[in-house]
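Raw query-v7.cif, mmCIF, C-alpha atoms and all ligand atoms:
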data_data
#
loop_
_atom_site.label_atom_id
_atom_site.label_comp_id
_atom_site.auth_asym_id
_atom_site.auth_seq_id
_atom_site.Cartn_x
_atom_site.Cartn_y
_atom_site.Cartn_z
CA MET C 1 -126.99 15.92 7.51
CA ASN C 2 -127.70 12.60 9.22
CA ILE C 3 -127.06 9.02 8.16
CA ALA C 4 -130.74 8.51 7.29
CA ASN C 5 -130.53 11.36 4.81
CA ALA C 6 -126.87 11.48 3.92
CA LEU C 7 -127.29 13.31 0.60
CA PRO C 8 -126.57 17.01 0.99
CA GLU C 9 -129.10 19.62 -0.12
CA ILE C 10 -128.22 21.08 -3.52
CA SER C 11 -128.71 24.61 -2.14
CA THR C 12 -125.82 24.09 0.30
CA LEU C 13 -123.39 23.25 -2.50
CA TYR C 14 -121.55 25.17 -5.20
CA ARG C 15 -122.65 24.19 -8.69
CA LEU C 16 -119.45 23.64 -10.66
CA PRO C 17 -119.62 26.15 -13.52
CA PHE C 18 -118.76 23.68 -16.29
CA THR C 19 -120.64 23.78 -19.58
CA LYS C 20 -120.26 22.04 -22.93
CA ASN C 21 -118.03 24.77 -24.31
CA ASP C 22 -116.29 25.97 -21.17
CA ASN C 23 -115.13 22.87 -19.40
CA PRO C 24 -111.80 22.03 -17.78
CA ASN C 25 -111.64 18.57 -19.33
CA GLY C 26 -111.37 17.24 -22.86
CA TRP C 27 -111.63 13.48 -23.23
CA VAL C 28 -109.66 11.72 -25.99
CA GLU C 29 -109.53 7.94 -26.43
CA ILE C 30 -106.37 6.77 -28.17
CA THR C 31 -106.77 2.99 -28.27
CA THR C 32 -109.31 0.21 -27.91
CA ASP C 33 -106.60 -2.23 -26.83
CA CYS C 34 -106.39 -3.21 -23.17
CA ASN C 35 -104.30 -5.58 -21.08
CA LEU C 36 -106.65 -6.04 -18.12
CA LYS C 37 -110.16 -6.66 -19.50
CA CYS C 38 -112.15 -5.64 -16.44
CA PRO C 39 -115.56 -7.37 -16.32
CA GLY C 40 -118.28 -4.99 -17.50
CA CYS C 41 -115.82 -2.53 -19.16
CA TYR C 42 -117.96 0.31 -20.57
CA ARG C 43 -115.88 0.30 -23.75
CA GLY C 44 -116.32 -3.46 -24.17
CA CYS C 45 -112.58 -4.25 -24.01
CA ASP C 46 -113.45 -7.46 -22.16
CA ARG C 47 -115.71 -8.66 -24.99
CA ASP C 48 -114.77 -11.17 -27.67
CA ASP C 49 -115.91 -8.76 -30.40
CA ASN C 50 -113.58 -5.96 -29.26
CA ILE C 51 -111.12 -5.05 -32.02
CA PRO C 52 -107.94 -3.61 -30.50
CA VAL C 53 -106.89 -0.59 -32.57
CA HIS C 54 -104.54 2.29 -31.78
CA GLU C 55 -105.79 5.62 -33.13
CA PRO C 56 -103.29 7.04 -35.66
CA ILE C 57 -101.34 9.92 -34.14
CA GLU C 58 -102.52 12.44 -36.75
CA LYS C 59 -106.14 11.66 -35.88
CA VAL C 60 -105.36 11.97 -32.16
CA LYS C 61 -103.73 15.37 -32.73
CA GLU C 62 -106.74 16.57 -34.73
CA ASN C 63 -109.04 15.48 -31.89
CA ILE C 64 -106.93 17.28 -29.30
CA LEU C 65 -106.99 20.54 -31.26
CA GLU C 66 -110.74 20.24 -31.80
CA MET C 67 -111.22 19.64 -28.07
CA LYS C 68 -109.17 22.73 -27.32
CA ARG C 69 -111.34 24.76 -29.73
CA LEU C 70 -114.68 23.41 -28.52
CA ARG C 71 -114.04 23.01 -24.79
CA ASN C 72 -111.53 25.67 -23.69
CA CYS C 73 -110.06 22.89 -21.59
CA GLN C 74 -107.28 23.01 -19.01
CA ILE C 75 -106.50 19.31 -19.27
CA ILE C 76 -106.80 16.58 -21.88
CA SER C 77 -107.64 13.18 -20.41
CA LEU C 78 -106.16 10.43 -22.53
CA SER C 79 -108.15 7.27 -22.18
CA GLY C 80 -108.92 4.01 -23.94
CA GLY C 81 -108.52 1.02 -23.63
CA GLU C 82 -105.16 1.27 -21.95
CA PRO C 83 -103.25 4.36 -23.19
CA PHE C 84 -99.89 2.95 -22.06
CA LEU C 85 -100.20 0.39 -24.89
CA HIS C 86 -100.19 3.16 -27.53
CA PRO C 87 -96.69 3.35 -29.08
CA GLU C 88 -96.96 7.16 -29.53
CA LEU C 89 -98.10 8.04 -26.01
CA GLY C 90 -95.00 10.19 -25.32
CA ASN C 91 -95.48 12.18 -28.53
CA ILE C 92 -99.17 12.70 -27.81
CA ILE C 93 -98.36 14.01 -24.33
CA ARG C 94 -95.74 16.39 -25.77
CA PHE C 95 -98.29 17.63 -28.33
CA ILE C 96 -100.86 18.41 -25.61
CA ARG C 97 -98.29 20.28 -23.54
CA ASP C 98 -97.03 22.21 -26.59
CA ASN C 99 -100.62 23.32 -27.14
CA GLY C 100 -100.90 24.82 -23.68
CA MET C 101 -102.91 22.10 -21.93
CA TYR C 102 -102.08 19.57 -19.21
CA PRO C 103 -101.99 15.90 -20.25
CA PHE C 104 -103.63 13.42 -17.87
CA VAL C 105 -103.60 9.68 -18.54
CA HIS C 106 -106.21 7.15 -17.38
CA THR C 107 -104.58 3.81 -16.76
CA ASN C 108 -105.14 0.46 -15.09
CA GLY C 109 -101.57 0.76 -13.76
CA VAL C 110 -100.31 -2.58 -15.07
CA LEU C 111 -97.56 -1.01 -17.22
CA LEU C 112 -96.47 1.63 -14.70
CA THR C 113 -92.79 1.59 -13.86
CA HIS C 114 -90.51 4.31 -12.56
CA ASP C 115 -88.96 4.58 -16.04
CA SER C 116 -92.25 4.70 -17.93
CA ILE C 117 -93.57 7.45 -15.63
CA SER C 118 -90.39 9.54 -15.63
CA GLY C 119 -90.11 9.20 -19.43
CA LEU C 120 -93.64 10.59 -19.82
CA LYS C 121 -92.98 13.27 -17.19
CA LYS C 122 -90.15 14.54 -19.40
CA GLU C 123 -92.67 14.84 -22.25
CA GLY C 124 -94.98 16.88 -19.99
CA LEU C 125 -97.25 14.39 -18.21
CA ALA C 126 -99.21 16.30 -15.54
CA GLY C 127 -101.51 13.71 -14.01
CA LEU C 128 -102.31 10.02 -13.71
CA ILE C 129 -105.75 8.60 -13.00
CA ILE C 130 -105.29 5.00 -11.95
CA ARG C 131 -108.19 2.61 -11.70
CA VAL C 132 -107.67 0.17 -8.84
CA ASP C 133 -110.64 -1.74 -7.44
CA SER C 134 -111.67 -5.27 -6.68
CA LEU C 135 -114.35 -5.30 -9.42
CA SER C 136 -111.65 -5.08 -12.07
CA ARG C 137 -109.98 -8.08 -10.40
CA HIS C 138 -113.12 -10.28 -10.42
CA ARG C 139 -113.51 -9.69 -6.64
CA SER C 140 -110.58 -12.03 -6.03
CA THR C 141 -109.30 -9.62 -3.41
CA SER C 142 -110.59 -6.87 -1.10
CA GLU C 143 -110.21 -3.10 -1.31
CA GLU C 144 -108.19 -3.22 1.88
CA LYS C 145 -105.70 -5.66 0.32
CA LEU C 146 -105.58 -3.50 -2.81
CA ASN C 147 -104.33 -0.59 -0.70
CA SER C 148 -100.85 -2.12 -0.95
CA LEU C 149 -101.11 -1.89 -4.76
CA ARG C 150 -102.33 1.71 -4.46
CA LYS C 151 -99.36 2.43 -2.24
CA HIS C 152 -96.97 0.79 -4.70
CA TYR C 153 -98.27 2.97 -7.57
CA GLY C 154 -98.45 6.06 -5.35
CA GLU C 155 -94.83 5.71 -4.26
CA MET C 156 -93.67 5.24 -7.84
CA VAL C 157 -95.49 8.37 -8.96
CA TYR C 158 -94.28 10.31 -5.92
CA ALA C 159 -90.66 9.31 -6.59
CA VAL C 160 -90.87 10.90 -10.05
CA GLY C 161 -92.46 13.99 -8.48
CA GLY C 162 -94.86 16.74 -9.51
CA ILE C 163 -97.54 14.45 -10.98
CA HIS C 164 -101.13 14.86 -9.83
CA LEU C 165 -102.48 11.47 -8.74
CA THR C 166 -106.07 10.24 -8.73
CA PHE C 167 -107.26 6.80 -7.70
CA LEU C 168 -110.49 5.74 -9.32
CA CYS C 169 -112.60 3.01 -7.82
CA VAL C 170 -115.62 1.40 -9.49
CA VAL C 171 -118.27 0.41 -6.97
CA ASN C 172 -121.22 -1.96 -6.74
CA HIS C 173 -122.97 -3.69 -3.82
CA ASP C 174 -120.11 -6.17 -3.44
CA ASN C 175 -117.42 -3.62 -2.56
CA LEU C 176 -119.55 -0.68 -1.36
CA ASN C 177 -118.90 -1.37 2.32
CA GLU C 178 -115.14 -1.39 1.68
CA MET C 179 -115.03 2.22 0.44
CA GLY C 180 -114.13 3.35 3.95
CA ASP C 181 -110.87 1.36 3.65
CA VAL C 182 -109.99 3.28 0.50
CA ILE C 183 -110.74 6.65 2.12
CA ASN C 184 -108.86 5.90 5.33
CA TRP C 185 -105.88 4.79 3.29
CA SER C 186 -105.94 7.90 1.07
CA VAL C 187 -106.08 10.24 4.08
CA GLU C 188 -103.19 8.38 5.71
CA ASN C 189 -101.27 8.63 2.43
CA SER C 190 -102.10 12.21 1.48
CA LYS C 191 -98.43 12.66 0.65
CA LEU C 192 -99.12 10.41 -2.38
CA VAL C 193 -102.74 11.01 -3.39
CA ASP C 194 -104.60 14.15 -4.51
CA PHE C 195 -107.94 12.85 -5.64
CA VAL C 196 -110.16 9.81 -4.97
CA THR C 197 -113.10 9.09 -7.26
CA PHE C 198 -115.86 6.52 -6.77
CA ILE C 199 -117.94 5.55 -9.80
CA PRO C 200 -120.93 3.25 -9.41
CA ILE C 201 -120.88 0.57 -12.12
CA ARG C 202 -123.52 0.65 -14.83
CA GLN C 203 -124.30 -1.63 -17.73
CA VAL C 204 -123.83 -0.68 -21.36
CA LEU C 205 -126.29 -2.48 -23.63
CA PHE C 206 -123.97 -3.60 -26.41
CA ASP C 207 -126.77 -5.67 -27.83
CA LYS C 208 -130.29 -4.21 -28.08
CA ASN C 209 -131.83 -7.39 -26.68
CA GLU C 210 -129.53 -7.66 -23.69
CA GLN C 211 -131.31 -7.74 -20.34
CA LEU C 212 -130.52 -4.96 -17.94
CA ASP C 213 -129.41 -6.17 -14.52
CA CYS C 214 -129.36 -3.40 -11.94
CA SER C 215 -129.43 -5.69 -8.90
CA LYS C 216 -125.97 -4.62 -7.71
CA TRP C 217 -126.09 -0.94 -8.60
CA VAL C 218 -125.39 1.66 -5.97
CA TYR C 219 -126.41 5.30 -5.96
CA ALA C 220 -125.17 8.62 -4.60
CA GLU C 221 -127.12 8.10 -1.36
CA ASP C 222 -125.39 4.75 -0.77
CA LEU C 223 -121.96 6.29 -1.24
CA CYS C 224 -122.78 9.19 1.09
CA LYS C 225 -124.00 6.82 3.81
CA GLN C 226 -121.01 4.54 3.46
CA VAL C 227 -118.46 7.35 3.51
CA GLN C 228 -120.14 8.89 6.53
CA THR C 229 -119.30 5.79 8.53
CA VAL C 230 -115.59 6.70 8.30
CA LEU C 231 -115.89 10.48 7.91
CA PRO C 232 -118.83 11.30 10.23
CA ASP C 233 -118.38 15.07 9.84
CA ILE C 234 -117.94 15.07 6.07
CA ARG C 235 -119.08 18.21 4.28
CA TYR C 236 -119.63 18.33 0.57
CA ALA C 237 -118.60 21.38 -1.41
CA ALA C 238 -119.61 21.15 -5.05
CA TYR C 239 -121.77 19.27 -7.51
CA LEU C 240 -122.95 18.85 -11.07
CA GLY C 241 -126.63 18.21 -11.55
CA SER C 242 -128.50 16.18 -14.11
CA ARG C 243 -129.84 17.50 -17.40
CA LEU C 244 -133.36 16.24 -16.85
CA GLU C 245 -134.07 16.14 -13.15
CA ASP C 246 -134.11 19.35 -11.16
CA ALA C 247 -132.67 18.10 -7.88
CA ARG C 248 -130.56 15.12 -8.91
CA ILE C 249 -126.86 15.15 -8.04
CA LYS C 250 -124.57 13.51 -10.62
CA TRP C 251 -121.12 14.66 -9.49
CA LEU C 252 -120.57 15.30 -5.81
CA GLN C 253 -117.31 16.57 -4.39
CA SER C 254 -115.87 17.10 -0.95
CA SER C 255 -112.49 18.75 -0.49
CA TYR C 256 -110.47 18.71 2.70
CA ILE C 257 -107.07 19.68 3.98
CA VAL C 258 -104.88 16.87 5.30
CA MET C 259 -101.73 16.98 7.42
CA ASN C 260 -100.04 14.20 9.42
CA LYS C 261 -102.71 11.68 8.34
CA LYS C 262 -105.45 13.90 9.82
CA ILE C 263 -108.17 15.92 8.15
CA LEU C 264 -107.74 19.48 9.45
CA GLY C 265 -111.11 20.51 8.05
CA TYR C 266 -113.39 20.66 5.03
CA THR C 267 -112.86 23.56 2.64
CA GLY C 268 -116.58 24.10 1.94
CA PRO C 269 -118.29 25.47 -1.18
CA LYS C 270 -116.97 29.05 -1.01
CA PHE C 271 -113.38 27.90 -1.40
CA VAL C 272 -114.20 25.93 -4.57
CA GLU C 273 -116.25 28.82 -5.91
CA SER C 274 -113.54 31.43 -5.28
CA PHE C 275 -110.90 29.13 -6.72
CA GLN C 276 -112.85 28.47 -9.93
CA MET C 277 -113.83 32.14 -10.35
CA PHE C 278 -110.30 33.45 -9.84
CA HIS C 279 -108.86 30.71 -11.99
CA HIS C 280 -111.17 31.65 -14.83
CA LEU C 281 -110.55 35.35 -14.34
CA PHE C 282 -106.78 35.00 -14.49
CA THR C 283 -106.28 32.08 -16.92
CA GLY C 284 -109.50 32.17 -18.95
CA LYS C 285 -110.25 28.54 -18.06
CA TYR C 286 -111.95 26.55 -15.34
CA ALA C 287 -109.73 24.18 -13.41
CA TYR C 288 -109.81 20.43 -13.10
CA LYS C 289 -107.21 20.39 -10.35
CA PHE C 290 -106.04 22.64 -7.60
CA GLY C 291 -102.49 23.96 -7.98
CA LYS C 292 -99.87 23.65 -10.70
CA GLY C 293 -98.54 20.16 -9.98
CA ARG C 294 -99.68 18.46 -6.78
CA SER C 295 -102.36 20.14 -4.66
CA TYR C 296 -100.75 21.69 -1.58
CA LEU C 297 -101.27 24.68 0.73
CA ASN C 298 -98.69 26.05 3.15
CA PHE C 299 -99.26 27.71 6.53
CA LEU C 300 -99.32 31.25 5.16
CA GLN C 301 -101.81 30.39 2.42
CA ILE C 302 -104.12 28.73 4.94
CA VAL C 303 -103.98 31.74 7.27
CA LEU C 304 -104.67 34.13 4.39
CA LEU C 305 -107.63 32.04 3.27
CA ALA C 306 -108.93 32.04 6.86
CA ILE C 307 -109.26 35.84 6.68
CA PHE C 308 -111.83 35.52 3.89
CA LEU C 309 -113.38 32.08 4.29
CA ARG C 310 -115.05 30.88 7.48
CA ASP C 311 -114.34 27.20 6.78
CA PHE C 312 -110.63 27.95 6.72
CA ARG C 313 -110.77 29.36 10.27
CA VAL C 314 -111.44 25.84 11.53
CA ILE C 315 -108.65 24.51 9.31
CA ALA C 316 -106.20 27.22 10.47
CA GLY C 317 -107.12 26.54 14.14
CA ASN C 318 -106.41 22.82 13.75
CA LEU C 319 -103.19 23.58 11.89
CA ILE C 320 -102.00 25.82 14.73
CA LYS C 321 -102.70 22.97 17.18
CA GLU C 322 -100.52 20.72 15.01
CA ILE C 323 -97.77 23.37 15.03
CA ILE C 324 -97.93 23.71 18.82
CA ARG C 325 -97.68 19.93 19.07
CA ASN C 326 -94.67 19.89 16.77
CA PRO C 327 -93.21 23.22 15.50
CA VAL C 328 -91.75 21.50 12.43
CA ASN C 329 -95.33 21.39 11.12
CA LEU C 330 -95.05 25.14 10.47
CA PHE C 331 -92.85 24.35 7.49
CA ARG C 332 -94.86 21.39 6.23
CA ARG C 333 -97.36 21.70 3.41
CA SER C 334 -100.87 20.30 3.75
CA THR C 335 -102.51 18.39 0.93
CA VAL C 336 -105.78 19.57 -0.58
CA GLN C 337 -107.50 16.26 -1.16
CA LEU C 338 -110.65 15.77 -3.16
CA LEU C 339 -113.24 13.03 -2.94
CA CYS C 340 -115.64 12.77 -5.84
CA TYR C 341 -118.58 10.53 -6.73
CA ILE C 342 -119.60 10.33 -10.38
CA ILE C 343 -123.06 8.86 -10.87
CA PRO C 344 -123.45 7.60 -14.44
CA PRO C 345 -126.59 8.36 -16.44
CA GLY C 346 -129.92 6.75 -15.74
CA PHE C 347 -133.11 7.24 -17.72
CA VAL C 348 -136.01 9.57 -17.02
CA ASN C 349 -139.20 8.85 -18.95
CA GLY C 350 -137.15 6.88 -21.46
CA ILE C 351 -134.62 9.65 -22.07
CA ARG C 352 -131.00 9.26 -21.07
CA ASP C 353 -130.26 11.59 -18.18
CA GLU C 354 -126.66 12.77 -18.46
CA CYS C 355 -124.54 14.96 -16.23
CA ASP C 356 -125.22 18.63 -16.85
CA GLY C 357 -121.90 20.03 -18.08
CA CYS C 358 -120.42 16.53 -18.59
CA PRO C 359 -116.63 16.86 -18.12
CA ASP C 360 -115.97 13.57 -19.89
CA ALA C 361 -117.47 14.40 -23.26
CA MET C 362 -115.57 13.18 -26.32
CA LEU C 363 -115.78 13.62 -30.06
CA TYR C 364 -117.68 11.05 -32.07
CA GLU C 365 -118.31 11.74 -35.75
CA GLY C 366 -117.64 15.43 -35.21
CA ARG C 367 -119.92 15.98 -32.22
CA LEU C 368 -119.56 15.84 -28.48
CA VAL C 369 -121.03 12.79 -26.75
CA PRO C 370 -120.56 11.64 -23.13
CA SER C 371 -117.83 9.01 -23.11
CA CYS C 372 -120.04 6.73 -21.00
CA GLY C 373 -122.59 6.64 -23.85
CA LEU C 374 -120.21 6.15 -26.76
CA GLU C 375 -120.86 2.45 -27.34
CA GLU C 376 -124.60 2.96 -27.65
CA PHE C 377 -124.03 5.80 -30.16
CA LYS C 378 -121.62 3.58 -32.09
CA ARG C 379 -123.70 0.43 -32.08
CA HIS C 380 -127.26 1.74 -32.13
CA GLY C 381 -126.90 5.33 -33.41
CA LYS C 382 -128.29 6.76 -30.13
CA PRO C 383 -128.59 5.83 -26.47
CA LEU C 384 -131.10 3.04 -25.94
CA GLU C 385 -134.31 3.85 -24.16
CA LYS C 386 -134.80 2.04 -20.88
CA GLN C 387 -137.40 2.67 -18.25
CA ILE C 388 -135.12 2.97 -15.27
CA VAL C 389 -134.11 5.75 -13.00
CA ASP C 390 -130.66 6.40 -11.57
S1 LIG Q 401 -119.31 10.61 -19.28
FE1 LIG Q 401 -121.33 10.08 -18.47
S2 LIG Q 401 -120.98 9.77 -16.28
FE2 LIG Q 401 -119.18 10.84 -17.06
S3 LIG Q 401 -119.65 12.95 -16.70
FE3 LIG Q 401 -120.34 12.50 -18.77
S4 LIG Q 401 -122.50 11.96 -18.59
FE4 LIG Q 401 -121.59 11.86 -16.53
#
Structure translated into structure tokens:
Amino acid sequence: MNIANALPEISTLYRLPFTKNDNPNGWVEITTDCNLKCPGCYRGCDRDDNIPVHEPIEKVKENILEMKRLRNCQIISLSGGEPFLHPELGNIIRFIRDNGMYPFVHTNGVLLTHDSISGLKKEGLAGLIIRVDSLSRHRSTSEEKLNSLRKHYGEMVYAVGGIHLTFLCVVNHDNLNEMGDVINWSVENSKLVDFVTFIPIRQVLFDKNEQLDCSKWVYAEDLCKQVQTVLPDIRYAAYLGSRLEDARIKWLQSSYIVMNKKILGYTGPKFVESFQMFHHLFTGKYAYKFGKGRSYLNFLQIVLLAIFLRDFRVIAGNLIKEIIRNPVNLFRRSTVQLLCYIIPPGFVNGIRDECDGCPDAMLYEGRLVPSCGLEEFKRHGKPLEKQIVD
């Protein structure tokens, strides 16, 4: 892989085994109310015609059970709007846990406090996915400056303990070249962060006559090139393809092991494959996250993995160097950190080209639709046809 062609070849990656009915994630939106109103919100919460409504708890519970039946999911992602505004959030989380799944909450972070997080942890909260990026703040600040906000949230979540933490960052041309700041920060703070996701912004056509403006859109290639400037040796491990194009990558993941603010090595595709296969064999489900709470590996686990997986020999070698440098490192756990790009649908020959095995599908009028396309289903009955490619 070189900078000129930073996208990895599909044949070198593991295709995540997710399908419509066997998928680690079930997506449930519990409110259309929001307290941040990010410009270009794909649910239209920033629009004057948005009607803020909390879903009644009985309807939410029905949706959760239907998701469990249809998706065989490991986690339920509660989204919105801003889920922390829903007065029954604690009860919903308890309901998910009582039904054998892990509750994750998407949030803009505004209402996070130590008390709100620890209260939800008691109900069974397993993960938080916090959107922090300069696009949601009208570009009034930089990604580098926002790292102090990420740290603030990360430390709050860490103090409660045992909660899987993802930072989600929406990207366009304005902040693309700042993605390196987010990655460097997350590696330096691997004690706090498990997962970093970049999502290129796209436009939902709320009105049929709206003009599409793709002048600031970025694509998987742009993200790969940008990330390579700070992680020159990056290796990708897994992907999801597109439904319509044979070689298009829609989800791209790299996973790496971090200790003492250093990447010890990239886990490679075989690790993700073995993990998903064994997880399915022993639990009957595919996994959204690595590990029960946070994603850690200790020395012994890394050495054992090195017996079977070549990529882990490099990781084990670098870990031993760290132990020689400071023997206390023998007793430290390393973080398994994931970096993921999610490329929203484009259109191929006028047909909407979604992610194959979309993990973020939700129920709308009794059927599964990708959450990114919900507004077009709601407003126009189907996704609008546009002659663009992603
Ligand atoms: S919701 Fe859209 S962008 Fe997200 S995984 Fe599904 S199809 Fe892809």
Box for segment 168-178 of chain C: with edges along x, y and z, all listed atoms inside and 8 Å added on each side, what are the centre and edge lengths in Å to one decimal, as AutoDock Vina command-line options?
--center_x -116.7 --center_y -0.2 --center_z -3.6 --size_x 28.5 --size_y 27.9 --size_z 27.8
Exercise. Can you tell me how far atom CA of Asp311 of chain C sits from atom CA of Tyr219 of chain C, in Å to one decimal?
Worked result: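 Value for the atom CA of Asp311 of chain C-atom CA of Tyr219 of chain C distance: 28.1 Å.
Residue nearest ligand LIG 401 (chain Q), chosen from C:Ala316, C:Ile199, C:Cys224, C:Ile257 and counting all atoms listed in the file: C:Ile199.
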For this session: Excluding segment 103-119 of chain C and residues on its chain fewer than 2 positions from it, collect all residues at most 9 Å away from it, counting only C-alpha atoms, and give them as a ChimeraX atom specification.
Result: /C:34-36,74-85,90,92-94,96-97,101,121-132,153,156-157,159-161,164
Exercise. Counting all atoms listed in the file, which protein, DNA or RNA residues come within 8 Å of ligand LIG 401 (chain Q), given as a list in words?
Worked result: Lys250, Trp251, Ile342, Ile343, Pro344, Pro345, Asp353, Glu354, Cys355, Asp356, Gly357, Cys358, Pro359, Asp360, Ala361, Val369, Pro370, Ser371, Cys372 and Gly373 of chain C
Problem set entry | Best match for closeness to Asp49 of chain C among C:Cys169, C:Lys216, C:Asp207, C:Ser148, counting all atoms listed in the file | C:Asp207
For this session: Counting all atoms listed in the file, figure out which residue out of C:Ile263, C:His380, C:Tyr341, C:Tyr14 gets nearest to Glu188 of chain C.
Result: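 Smallest distance to Glu188 of chain C is found for C:Ile263.
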Exercise. So how many Å separate atom CA of Gly44 of chain C and atom CA of Ile64 of chain C, to one decimal?
Worked result: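 Rounded to one decimal, the two atoms are 23.3 Å apart.
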Using only C-alpha atoms, find each residue in segment 162-197 of chain C having at least one atom no more than 7 Å away from segment 288-302 of chain C; report its shortest atom-to-atom pair and that distance in Å (one decimal), rows by chain then rising number, as JSON lines.
{"residue": "C:Gly162", "atom": "CA", "partner": "C:Gly293", "partner_atom": "CA", "distance": 5.0}
{"residue": "C:Ile163", "atom": "CA", "partner": "C:Gly293", "partner_atom": "CA", "distance": 5.9}
{"residue": "C:His164", "atom": "CA", "partner": "C:Arg294", "partner_atom": "CA", "distance": 4.9}
{"residue": "C:Asp194", "atom": "CA", "partner": "C:Ser295", "partner_atom": "CA", "distance": 6.4}
For this session: Rank nothing, just name the residue among C:Glu178, C:Gly366, C:Leu165, C:Asn50 nearest to Leu338 of chain C, using only C-alpha atoms.
Result: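 Among C:Glu178, C:Gly366, C:Leu165, C:Asn50, it is C:Leu165 that comes nearest to Leu338 of chain C.
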Neighbouring residues of Asn23 of chain C were defined as those with any atom within 8 Å, considering only C-alpha atoms; residues of the same chain fewer than 3 positions away were excluded. Please report them as a PDB file with C-alpha atoms, keeping the file's coordinate frame.
ATOM      1  CA  PHE C  18    -118.760  23.680 -16.290  1.00  0.00           C
ATOM      2  CA  THR C  19    -120.640  23.780 -19.580  1.00  0.00           C
ATOM      3  CA  LYS C  20    -120.260  22.040 -22.930  1.00  0.00           C
ATOM      4  CA  GLY C  26    -111.370  17.240 -22.860  1.00  0.00           C
ATOM      5  CA  ARG C  71    -114.040  23.010 -24.790  1.00  0.00           C
ATOM      6  CA  ASN C  72    -111.530  25.670 -23.690  1.00  0.00           C
ATOM      7  CA  CYS C  73    -110.060  22.890 -21.590  1.00  0.00           C
ATOM      8  CA  GLN C  74    -107.280  23.010 -19.010  1.00  0.00           C
ATOM      9  CA  LYS C 285    -110.250  28.540 -18.060  1.00  0.00           C
ATOM     10  CA  TYR C 286    -111.950  26.550 -15.340  1.00  0.00           C
ATOM     11  CA  GLY C 357    -121.900  20.030 -18.080  1.00  0.00           C
ATOM     12  CA  PRO C 359    -116.630  16.860 -18.120  1.00  0.00           C
TER      13      PRO C 359
END
Long-range neighbours of Pro383 of chain C as a PDB file with C-alpha atoms, keeping the file's coordinate frame, 9 Å cut-off, all atoms listed in the file, 5 positions minimum in chain:
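The result, written out as out_20.pdb:
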ATOM      1  CA  ILE C 351    -134.620   9.650 -22.070  1.00  0.00           C
ATOM      2  CA  ARG C 352    -131.000   9.260 -21.070  1.00  0.00           C
ATOM      3  CA  GLY C 373    -122.590   6.640 -23.850  1.00  0.00           C
ATOM      4  CA  LEU C 374    -120.210   6.150 -26.760  1.00  0.00           C
ATOM      5  CA  GLU C 375    -120.860   2.450 -27.340  1.00  0.00           C
ATOM      6  CA  GLU C 376    -124.600   2.960 -27.650  1.00  0.00           C
ATOM      7  CA  PHE C 377    -124.030   5.800 -30.160  1.00  0.00           C
TER       8      PHE C 377
END
Problem set entry | Point-to-point distance from atom CA of His152 of chain C to atom CA of Arg202 of chain C, Å rounded to tenths |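 Taking atom CA of His152 of chain C and atom CA of Arg202 of chain C, their separation equals 28.4 Å.
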Problem set entry | Nearest residue to Met67 of chain C from the set C:Trp27, C:Phe282, C:Phe347, C:Tyr102 (distances using only C-alpha atoms) | C:Trp27
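Compared by their closest atoms to Gly100 of chain C, and using all atoms listed in the file, the residues C:His86, C:Lys378, C:Lys68, C:His280 rank with C:Lys68 nearest.
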